[in-house]
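Asker: Following this line is data.cif, made up of mmCIF, C-alpha atoms:
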data_final
#
loop_
_atom_site.group_PDB
_atom_site.id
_atom_site.type_symbol
_atom_site.label_atom_id
_atom_site.label_comp_id
_atom_site.auth_asym_id
_atom_site.auth_seq_id
_atom_site.Cartn_x
_atom_site.Cartn_y
_atom_site.Cartn_z
ATOM 1 C CA ASN A 22 52.866 90.590 70.424
ATOM 2 C CA HIS A 23 49.780 88.372 70.532
ATOM 3 C CA GLY A 24 51.098 85.802 68.027
ATOM 4 C CA GLY A 25 51.809 85.838 64.305
ATOM 5 C CA PHE A 26 51.912 89.276 62.682
ATOM 6 C CA ASP A 27 50.268 92.120 64.636
ATOM 7 C CA ASN A 28 49.585 95.753 63.769
ATOM 8 C CA TRP A 29 52.190 98.080 65.279
ATOM 9 C CA ILE A 30 51.212 101.736 65.457
ATOM 10 C CA PHE A 31 53.328 104.469 66.983
ATOM 11 C CA LYS A 32 52.837 108.230 67.114
ATOM 12 C CA ILE A 33 55.833 110.532 66.805
ATOM 13 C CA ASP A 34 56.226 114.283 67.212
ATOM 14 C CA SER A 35 57.664 116.711 64.658
ATOM 15 C CA ILE A 36 61.273 115.706 65.446
ATOM 16 C CA GLY A 37 60.629 111.958 65.459
ATOM 17 C CA THR A 38 60.358 111.317 69.206
ATOM 18 C CA ILE A 39 57.939 108.473 69.988
ATOM 19 C CA GLN A 40 54.919 109.716 71.957
ATOM 20 C CA TRP A 41 53.208 106.330 72.202
ATOM 21 C CA SER A 42 53.695 102.879 70.717
ATOM 22 C CA LYS A 43 51.152 100.049 70.790
ATOM 23 C CA VAL A 44 50.519 96.650 69.231
ATOM 24 C CA TYR A 45 47.075 95.437 68.153
ATOM 25 C CA GLY A 46 45.966 92.019 66.947
ATOM 26 C CA GLY A 47 45.158 88.430 67.807
ATOM 27 C CA SER A 48 46.889 85.068 67.912
ATOM 28 C CA SER A 49 46.884 84.636 64.100
ATOM 29 C CA ASP A 50 48.152 87.048 61.439
ATOM 30 C CA ASP A 51 46.943 90.664 61.322
ATOM 31 C CA PHE A 52 48.113 93.160 58.694
ATOM 32 C CA LEU A 53 47.813 96.946 58.601
ATOM 33 C CA GLY A 54 46.480 98.584 55.444
ATOM 34 C CA SER A 55 45.755 102.238 56.298
ATOM 35 C CA VAL A 56 45.548 104.653 59.223
ATOM 36 C CA LYS A 57 44.011 108.145 59.234
ATOM 37 C CA GLN A 58 43.412 110.776 61.869
ATOM 38 C CA ILE A 59 39.707 111.594 62.211
ATOM 39 C CA ALA A 60 37.667 114.602 63.327
ATOM 40 C CA ASP A 61 37.668 113.740 67.054
ATOM 41 C CA SER A 62 41.518 113.665 66.982
ATOM 42 C CA GLY A 63 41.486 109.897 67.274
ATOM 43 C CA PHE A 64 42.433 107.453 64.559
ATOM 44 C CA ILE A 65 40.705 105.036 62.218
ATOM 45 C CA VAL A 66 42.685 101.963 61.157
ATOM 46 C CA LEU A 67 41.861 99.413 58.448
ATOM 47 C CA GLY A 68 43.676 96.169 57.843
ATOM 48 C CA SER A 69 43.235 92.439 57.377
ATOM 49 C CA SER A 70 43.016 89.836 60.116
ATOM 50 C CA SER A 71 42.707 86.087 60.416
ATOM 51 C CA SER A 72 42.451 86.191 64.224
ATOM 52 C CA ASN A 73 39.413 85.876 66.463
ATOM 53 C CA ASP A 74 40.749 86.754 69.915
ATOM 54 C CA PHE A 75 42.519 89.476 71.902
ATOM 55 C CA ASP A 76 41.806 92.722 69.952
ATOM 56 C CA VAL A 77 39.896 91.012 67.111
ATOM 57 C CA HIS A 78 36.331 89.719 67.267
ATOM 58 C CA GLY A 79 33.846 88.371 64.712
ATOM 59 C CA ASN A 80 35.958 86.203 62.407
ATOM 60 C CA HIS A 81 33.959 85.248 59.310
ATOM 61 C CA GLY A 82 36.574 82.769 58.058
ATOM 62 C CA GLY A 83 39.971 83.301 56.434
ATOM 63 C CA PHE A 84 41.104 86.951 56.349
ATOM 64 C CA TYR A 85 38.585 89.762 56.657
ATOM 65 C CA TYR A 86 38.478 93.551 56.838
ATOM 66 C CA TRP A 87 39.409 94.644 60.357
ATOM 67 C CA LEU A 88 38.391 98.166 61.401
ATOM 68 C CA LEU A 89 39.975 99.576 64.540
ATOM 69 C CA ARG A 90 38.959 102.832 66.250
ATOM 70 C CA LEU A 91 41.542 104.478 68.536
ATOM 71 C CA ASN A 92 41.459 107.575 70.694
ATOM 72 C CA GLN A 93 44.223 110.175 70.455
ATOM 73 C CA SER A 94 46.340 108.227 72.977
ATOM 74 C CA GLY A 95 46.122 105.029 70.931
ATOM 75 C CA ASP A 96 43.686 103.274 73.275
ATOM 76 C CA THR A 97 41.148 101.007 71.567
ATOM 77 C CA VAL A 98 37.662 102.516 71.349
ATOM 78 C CA ARG A 99 36.186 99.540 69.473
ATOM 79 C CA THR A 100 36.907 97.070 66.693
ATOM 80 C CA ARG A 101 34.748 95.478 64.031
ATOM 81 C CA CYS A 102 35.184 92.879 61.277
ATOM 82 C CA TYR A 103 33.608 92.742 57.812
ATOM 83 C CA GLY A 104 33.735 89.998 55.210
ATOM 84 C CA GLY A 105 32.738 86.496 54.223
ATOM 85 C CA THR A 106 34.091 82.977 54.537
ATOM 86 C CA SER A 107 36.900 83.451 51.979
ATOM 87 C CA ASP A 108 39.689 86.065 52.142
ATOM 88 C CA ASP A 109 38.969 89.803 52.370
ATOM 89 C CA HIS A 110 41.795 92.337 52.662
ATOM 90 C CA GLY A 111 41.240 95.964 53.719
ATOM 91 C CA THR A 112 43.737 98.415 52.232
ATOM 92 C CA SER A 113 42.409 101.995 52.484
ATOM 93 C CA VAL A 114 40.095 103.925 54.825
ATOM 94 C CA ILE A 115 38.858 107.528 54.826
ATOM 95 C CA GLN A 116 36.542 109.647 56.929
ATOM 96 C CA ALA A 117 33.932 110.816 54.468
ATOM 97 C CA ILE A 118 32.170 114.175 54.395
ATOM 98 C CA GLY A 119 29.567 113.993 57.140
ATOM 99 C CA GLY A 120 31.745 111.866 59.404
ATOM 100 C CA ASP A 121 31.046 108.310 58.227
ATOM 101 C CA PHE A 122 33.827 106.021 56.993
ATOM 102 C CA GLY A 123 34.675 104.616 53.573
ATOM 103 C CA LEU A 124 36.577 101.316 53.422
ATOM 104 C CA THR A 125 38.051 99.603 50.405
ATOM 105 C CA GLY A 126 40.260 96.672 49.521
ATOM 106 C CA TYR A 127 39.693 93.371 47.770
ATOM 107 C CA SER A 128 37.572 90.320 48.496
ATOM 108 C CA ASN A 129 37.221 86.740 47.345
ATOM 109 C CA SER A 130 34.021 86.082 49.337
ATOM 110 C CA ASN A 131 30.414 85.829 48.174
ATOM 111 C CA ASP A 132 28.614 85.459 51.497
ATOM 112 C CA GLY A 133 28.485 87.068 54.926
ATOM 113 C CA ASP A 134 28.614 90.837 54.373
ATOM 114 C CA LEU A 135 29.177 90.478 50.603
ATOM 115 C CA THR A 136 27.026 89.658 47.607
ATOM 116 C CA GLY A 137 27.731 89.496 43.890
ATOM 117 C CA ASN A 138 31.341 88.340 43.585
ATOM 118 C CA PHE A 139 32.339 88.353 39.899
ATOM 119 C CA GLY A 140 35.136 85.781 40.225
ATOM 120 C CA GLY A 141 38.524 85.766 41.943
ATOM 121 C CA TYR A 142 39.211 88.908 43.963
ATOM 122 C CA ASP A 143 36.991 91.978 43.416
ATOM 123 C CA PHE A 144 37.215 95.579 44.531
ATOM 124 C CA TRP A 145 35.014 95.745 47.643
ATOM 125 C CA ILE A 146 33.893 99.077 49.065
ATOM 126 C CA LEU A 147 31.795 99.732 52.159
ATOM 127 C CA LYS A 148 30.401 102.833 53.769
ATOM 128 C CA VAL A 149 29.895 102.458 57.529
ATOM 129 C CA ASP A 150 28.356 104.892 59.989
ATOM 130 C CA ALA A 151 30.643 106.539 62.525
ATOM 131 C CA PRO A 152 28.543 106.013 65.698
ATOM 132 C CA THR A 153 28.296 102.199 65.425
ATOM 133 C CA ASP A 154 30.439 101.156 62.419
ATOM 134 C CA SER A 155 27.343 99.483 60.925
ATOM 135 C CA ILE A 156 27.258 98.987 57.137
ATOM 136 C CA ILE A 157 25.293 101.682 55.275
ATOM 137 C CA TRP A 158 26.012 100.187 51.835
ATOM 138 C CA GLN A 159 28.528 97.852 50.195
ATOM 139 C CA HIS A 160 29.373 97.001 46.581
ATOM 140 C CA ASN A 161 31.645 94.664 44.596
ATOM 141 C CA PHE A 162 33.304 95.570 41.292
ATOM 142 C CA GLY A 163 35.329 93.217 39.118
ATOM 143 C CA GLY A 164 35.594 90.619 36.405
ATOM 144 C CA THR A 165 36.250 86.911 36.041
ATOM 145 C CA TYR A 166 39.818 87.135 37.307
ATOM 146 C CA ASP A 167 41.455 89.256 40.024
ATOM 147 C CA GLU A 168 41.064 92.922 40.980
ATOM 148 C CA TYR A 169 42.953 94.566 43.854
ATOM 149 C CA ALA A 170 41.962 98.007 45.199
ATOM 150 C CA TYR A 171 44.702 99.879 47.055
ATOM 151 C CA SER A 172 43.528 103.466 47.463
ATOM 152 C CA LEU A 173 40.274 105.344 48.131
ATOM 153 C CA ILE A 174 39.455 109.048 48.043
ATOM 154 C CA GLN A 175 36.272 111.109 48.178
ATOM 155 C CA ASN A 176 35.791 113.803 45.545
ATOM 156 C CA VAL A 177 34.197 117.249 45.864
ATOM 157 C CA ALA A 178 30.817 115.857 44.751
ATOM 158 C CA GLN A 179 30.975 113.443 47.731
ATOM 159 C CA GLY A 180 31.405 110.451 45.434
ATOM 160 C CA TYR A 181 34.272 107.991 45.707
ATOM 161 C CA VAL A 182 37.219 106.978 43.545
ATOM 162 C CA MET A 183 39.007 103.629 43.948
ATOM 163 C CA VAL A 184 42.343 102.843 42.328
ATOM 164 C CA GLY A 185 43.947 99.448 41.914
ATOM 165 C CA CYS A 186 44.668 96.851 39.276
ATOM 166 C CA SER A 187 42.855 94.181 37.260
ATOM 167 C CA ASN A 188 43.638 91.309 34.918
ATOM 168 C CA SER A 189 40.036 90.743 33.826
ATOM 169 C CA ASN A 190 38.540 91.687 30.484
ATOM 170 C CA ASP A 191 34.827 91.163 31.077
ATOM 171 C CA SER A 192 32.006 92.265 33.401
ATOM 172 C CA GLY A 193 32.602 95.862 32.373
ATOM 173 C CA LEU A 194 36.408 95.721 32.220
ATOM 174 C CA VAL A 195 36.527 95.603 28.455
ATOM 175 C CA SER A 196 39.647 97.687 27.850
ATOM 176 C CA ASN A 197 42.308 95.548 29.512
ATOM 177 C CA HIS A 198 45.384 95.944 27.320
ATOM 178 C CA VAL A 199 46.645 92.396 27.739
ATOM 179 C CA GLY A 200 43.852 90.231 29.106
ATOM 180 C CA LEU A 201 41.436 88.246 26.978
ATOM 181 C CA PRO A 202 38.169 86.569 28.005
ATOM 182 C CA GLY A 203 38.450 82.811 28.168
ATOM 183 C CA PRO A 204 39.661 80.022 30.419
ATOM 184 C CA ALA A 205 42.838 81.878 31.449
ATOM 185 C CA PRO A 206 44.048 85.487 31.233
ATOM 186 C CA MET A 207 46.698 86.216 28.613
ATOM 187 C CA GLY A 208 48.847 88.903 30.182
ATOM 188 C CA ASN A 209 49.247 90.732 33.451
ATOM 189 C CA TYR A 210 47.549 93.568 35.314
ATOM 190 C CA ASP A 211 46.392 97.004 34.196
ATOM 191 C CA MET A 212 45.621 99.950 36.436
ATOM 192 C CA TRP A 213 41.886 100.209 37.076
ATOM 193 C CA ILE A 214 40.134 103.377 38.264
ATOM 194 C CA VAL A 215 36.503 103.198 39.399
ATOM 195 C CA LYS A 216 34.418 106.313 40.099
ATOM 196 C CA LEU A 217 31.255 105.967 42.202
ATOM 197 C CA THR A 218 28.403 108.215 43.238
ATOM 198 C CA ASN A 219 27.849 109.107 46.900
ATOM 199 C CA LEU A 220 25.684 105.980 47.177
ATOM 200 C CA GLY A 221 28.377 103.685 45.825
ATOM 201 C CA VAL A 222 26.753 103.314 42.387
ATOM 202 C CA LEU A 223 29.106 102.995 39.403
ATOM 203 C CA ASP A 224 29.634 106.298 37.556
ATOM 204 C CA TRP A 225 32.496 105.222 35.295
#
Mind turning the file's structure into structure tokens?
Answerer:
Amino acid sequence: NHGGFDNWIFKIDSIGTIQWSKVYGGSSDDFLGSVKQIADSGFIVLGSSSSNDFDVHGNHGGFYYWLLRLNQSGDTVRTRCYGGTSDDHGTSVIQAIGGDFGLTGYSNSNDGDLTGNFGGYDFWILKVDAPTDSIIWQHNFGGTYDEYAYSLIQNVAQGYVMVGCSNSNDSGLVSNHVGLPGPAPMGNYDMWIVKLTNLGVLDW
């Protein structure tokens, strides 16, 4: 353990025997959101980190999306951070058709890698290229209050669907069952589903 919370990943066989077990992180807190096996038989891992040492590099301030590439033995291939100076939490990662990666979660930043925060936490989705993990495109979706994205899939048309929750009732979220626009929300969270094109543009 490097200090604080670290990511702990272990691979087990079909009867539950541990094949390898490794810890990843830095001296501050690091949280795991999602891990998927990818086409090269390695693994792609997305989480949130507030560290800037050991396995984590490029802190933008607060928590930020932390992408970790592993080979099939769990050795680190490379790591990369995305976010701004406020808190950004990565929750779900996929390998998209064509091999690039889709990342989603929620962000409270409006600088660094992000633009256009609507207020509070927004859904934040990025598409990054597989060879270098560089950002291809990124988009924010939300309202005045808080939105939290927890799951991402790609559909057969190569678009994306994000699922989470929201307590806003503006900026396009006009059907919240309990929230009202104004100085404070009146009610709690609704489920919010956002469908995007293959370029990350809002479909519905």
Asker: Using only C-alpha atoms, find all polymer residues with an atom at most 6 Å away from the point (40.9, 92.9, 37.6); report them as a list in words.
Answerer: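 The answer, in the requested form, is Gly163, Gly164, Tyr166, Asp167, Glu168, Cys186, Ser187, Asn188 and Ser189 of chain A.
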Asker: How many Å lie between atom CA of Gly137 of chain A and atom CA of Gly180 of chain A, rounded to one decimal?
Answerer: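 We find that atom CA of Gly137 of chain A and atom CA of Gly180 of chain A lie 21.3 Å from each other.
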Asker: Counting only C-alpha atoms, what is within 12 Å of Asn22 of chain A, bar same-chain residues fewer than 2 positions away, as a list of chain:residue names?
Answerer: A:Gly24, A:Gly25, A:Phe26, A:Asp27, A:Asn28, A:Trp29, A:Lys43, A:Val44, A:Tyr45, A:Gly46, A:Gly47, A:Ser48, A:Ser49, A:Asp50, A:Asp51, A:Phe75, A:Asp76
Asker: Counting only C-alpha atoms, which residue out of A:Thr125, A:Leu173, A:Ser130, A:Phe139 sits closest to Gly82 of chain A?
Answerer: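 That would be A:Ser130, the residue with the smallest distance to Gly82 of chain A.
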Asker: Return the single residue from A:Ile36, A:Ile65, A:Cys102, A:Val215 that is closest to Phe144 of chain A, with distances computed using all atoms listed in the file.
Answerer: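 Counting all atoms listed in the file, the residue closest to Phe144 of chain A is A:Val215.
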Asker: When you count only C-alpha atoms, which of these residues is closest to Tyr86 of chain A: A:Pro152, A:Gly63, A:Gly120, A:Gly126?
Answerer: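 The closest residue to Tyr86 of chain A is A:Gly126.
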Asker: Could you tell me how far atom CA of Leu67 of chain A lies from atom CA of Ile30 of chain A, in Å and to one decimal?
Answerer: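 So the answer is 11.9 Å.
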Asker: What does the structure give for the distance between atom CA of Gly105 of chain A and atom CA of His81 of chain A, in Å to one decimal?
Answerer: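 Value for the atom CA of Gly105 of chain A-atom CA of His81 of chain A distance: 5.4 Å.
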Asker: Would you kindly translate the PyMOL selection byres ((chain A and resi 129) around 6) into the concrete residues it picks from this file, as an mmCIF file with C-alpha atoms, in the coordinates of the input?
Answerer:
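Wrote it out as expr14.cif, contents follow:
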data_model
loop_
_atom_site.group_PDB
_atom_site.id
_atom_site.type_symbol
_atom_site.label_atom_id
_atom_site.label_comp_id
_atom_site.auth_asym_id
_atom_site.auth_seq_id
_atom_site.Cartn_x
_atom_site.Cartn_y
_atom_site.Cartn_z
ATOM 1 C CA SER A 107 36.900 83.451 51.979
ATOM 2 C CA ASP A 108 39.689 86.065 52.142
ATOM 3 C CA SER A 128 37.572 90.320 48.496
ATOM 4 C CA SER A 130 34.021 86.082 49.337
ATOM 5 C CA GLY A 141 38.524 85.766 41.943
ATOM 6 C CA TYR A 142 39.211 88.908 43.963
#
Asker: Under the PyMOL selection byres ((chain A and resi 214) around 10), which residues of this model are included? Write them out as a list in words.
Answerer: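 When the PyMOL selection byres ((chain A and resi 214) around 10) is applied, the selected residues are Ala170, Ser172, Val182, Met183, Val184, Gly185, Cys186, Ser187, Asp211, Met212, Trp213, Val215, Lys216 and Trp225 of chain A.
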Asker: Restricting the calculation to all atoms listed in the file, which member of A:Phe122, A:Tyr210, A:Tyr85, A:Tyr181 is positioned closest to Thr153 of chain A?
Answerer: A:Phe122
Asker: Compile the contact shell of Ile115 of chain A as a ChimeraX atom specification: residues with an atom at most 7 Å away, counting only C-alpha atoms, same-chain residues fewer than 3 positions apart removed.
Answerer: /A:57,122-124,174
Asker: If we count all atoms listed in the file, what is near Phe31 of chain A at a cut-off of 7 Å, once residues fewer than 6 positions away on the same chain are taken out, given as a ChimeraX atom specification?
Answerer: /A:39,41-43
Asker: Pick out the closest residue to Thr97 of chain A from this set: A:Asn73, A:Val66, A:Gly119, A:Gly83. Count all atoms listed in the file.
Answerer: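 Checking each of A:Asn73, A:Val66, A:Gly119, A:Gly83 against Thr97 of chain A, counting all atoms listed in the file, the winner is A:Val66.
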Asker: List as an mmCIF file with C-alpha atoms, in the coordinates of the input: which residues have an atom within 10 Å of (35.7, 110.1, 68.0), counting all atoms listed in the file?
Answerer:
data_model
loop_
_atom_site.group_PDB
_atom_site.id
_atom_site.type_symbol
_atom_site.label_atom_id
_atom_site.label_comp_id
_atom_site.auth_asym_id
_atom_site.auth_seq_id
_atom_site.Cartn_x
_atom_site.Cartn_y
_atom_site.Cartn_z
ATOM 1 C CA GLN A 58 43.412 110.776 61.869
ATOM 2 C CA ILE A 59 39.707 111.594 62.211
ATOM 3 C CA ALA A 60 37.667 114.602 63.327
ATOM 4 C CA ASP A 61 37.668 113.740 67.054
ATOM 5 C CA SER A 62 41.518 113.665 66.982
ATOM 6 C CA GLY A 63 41.486 109.897 67.274
ATOM 7 C CA PHE A 64 42.433 107.453 64.559
ATOM 8 C CA ILE A 65 40.705 105.036 62.218
ATOM 9 C CA ARG A 90 38.959 102.832 66.250
ATOM 10 C CA LEU A 91 41.542 104.478 68.536
ATOM 11 C CA ASN A 92 41.459 107.575 70.694
ATOM 12 C CA GLN A 93 44.223 110.175 70.455
ATOM 13 C CA VAL A 98 37.662 102.516 71.349
ATOM 14 C CA GLY A 120 31.745 111.866 59.404
ATOM 15 C CA ALA A 151 30.643 106.539 62.525
ATOM 16 C CA PRO A 152 28.543 106.013 65.698
#
Asker: Edge lengths and centre in Å to one decimal, as AutoDock Vina command-line options, is what I'm after for the box along x, y and z that holds all listed atoms of segment 106-122 of chain A once 6 Å is added on each side.
Answerer:
--center_x 36.7 --center_y 98.6 --center_z 55.7 --size_x 26.2 --size_y 43.2 --size_z 19.4
Asker: So which one's closest to His23 of chain A, A:Val77, A:Ala117, A:Leu135, A:Leu53? Using all atoms listed in the file, please.
Answerer: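 Answer, going by the shortest atom-to-atom distance: A:Val77.
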Asker: Mind rebuilding segment 56-89 of chain A with N, CA and C atoms and writing that out as a compact mmCIF listing (two decimals), in the coordinates of the input?
Answerer:
# COMPACT_ATOMS: atom_id res chain seq x y z
N VAL A 56 45.92 103.96 57.99
CA VAL A 56 45.55 104.65 59.22
C VAL A 56 45.37 106.14 58.91
N LYS A 57 44.30 106.72 59.45
CA LYS A 57 44.01 108.14 59.23
C LYS A 57 43.58 108.78 60.55
N GLN A 58 43.95 110.03 60.73
CA GLN A 58 43.41 110.78 61.87
C GLN A 58 42.01 111.27 61.50
N ILE A 59 41.10 111.23 62.48
CA ILE A 59 39.71 111.59 62.21
C ILE A 59 39.32 112.84 63.00
N ALA A 60 38.09 113.29 62.83
CA ALA A 60 37.67 114.60 63.33
C ALA A 60 37.76 114.74 64.84
N ASP A 61 37.60 113.66 65.59
CA ASP A 61 37.67 113.74 67.05
C ASP A 61 39.09 113.66 67.58
N SER A 62 40.09 113.75 66.68
CA SER A 62 41.52 113.66 66.98
C SER A 62 41.99 112.25 67.29
N GLY A 63 41.09 111.29 67.19
CA GLY A 63 41.49 109.90 67.27
C GLY A 63 41.92 109.38 65.92
N PHE A 64 41.92 108.06 65.78
CA PHE A 64 42.43 107.45 64.56
C PHE A 64 41.51 106.31 64.12
N ILE A 65 41.43 106.15 62.81
CA ILE A 65 40.70 105.04 62.22
C ILE A 65 41.72 104.18 61.47
N VAL A 66 41.69 102.88 61.70
CA VAL A 66 42.68 101.96 61.16
C VAL A 66 41.96 100.85 60.41
N LEU A 67 42.42 100.53 59.21
CA LEU A 67 41.86 99.41 58.45
C LEU A 67 42.98 98.47 58.07
N GLY A 68 42.72 97.18 58.24
CA GLY A 68 43.68 96.17 57.84
C GLY A 68 42.97 94.86 57.55
N SER A 69 43.74 93.78 57.61
CA SER A 69 43.24 92.44 57.38
C SER A 69 43.63 91.57 58.55
N SER A 70 42.73 90.71 58.98
CA SER A 70 43.02 89.84 60.12
C SER A 70 42.45 88.44 59.90
N SER A 71 43.20 87.46 60.39
CA SER A 71 42.71 86.09 60.42
C SER A 71 42.54 85.60 61.85
N SER A 72 42.59 86.53 62.81
CA SER A 72 42.45 86.19 64.22
C SER A 72 41.00 86.26 64.66
N ASN A 73 40.74 85.77 65.86
CA ASN A 73 39.41 85.88 66.46
C ASN A 73 39.53 85.90 67.99
N ASP A 74 40.53 86.65 68.48
CA ASP A 74 40.75 86.75 69.92
C ASP A 74 41.54 88.03 70.21
N PHE A 75 41.83 88.27 71.45
CA PHE A 75 42.52 89.48 71.90
C PHE A 75 41.80 90.73 71.38
N ASP A 76 42.40 91.48 70.44
CA ASP A 76 41.81 92.72 69.95
C ASP A 76 40.86 92.52 68.78
N VAL A 77 40.68 91.28 68.33
CA VAL A 77 39.90 91.01 67.11
C VAL A 77 38.72 90.11 67.45
N HIS A 78 37.53 90.49 66.96
CA HIS A 78 36.33 89.72 67.27
C HIS A 78 35.44 89.66 66.03
N GLY A 79 34.80 88.50 65.80
CA GLY A 79 33.85 88.37 64.71
C GLY A 79 34.41 87.77 63.45
N ASN A 80 35.37 86.85 63.57
CA ASN A 80 35.96 86.20 62.41
C ASN A 80 34.88 85.54 61.55
N HIS A 81 34.90 85.85 60.24
CA HIS A 81 33.96 85.25 59.31
C HIS A 81 34.58 84.06 58.58
N GLY A 82 35.87 83.83 58.78
CA GLY A 82 36.57 82.77 58.06
C GLY A 82 37.66 83.35 57.19
N GLY A 83 38.86 82.78 57.21
CA GLY A 83 39.97 83.30 56.43
C GLY A 83 40.37 84.68 56.93
N PHE A 84 40.83 85.54 56.02
CA PHE A 84 41.10 86.95 56.35
C PHE A 84 39.85 87.78 56.11
N TYR A 85 39.73 88.88 56.82
CA TYR A 85 38.58 89.76 56.66
C TYR A 85 39.01 91.18 56.97
N TYR A 86 38.22 92.16 56.50
CA TYR A 86 38.48 93.55 56.84
C TYR A 86 38.40 93.71 58.35
N TRP A 87 39.39 94.39 58.91
CA TRP A 87 39.41 94.64 60.36
C TRP A 87 39.51 96.15 60.57
N LEU A 88 38.45 96.73 61.13
CA LEU A 88 38.39 98.17 61.40
C LEU A 88 38.64 98.40 62.88
N LEU A 89 39.55 99.31 63.17
CA LEU A 89 39.98 99.58 64.54
C LEU A 89 39.85 101.07 64.81
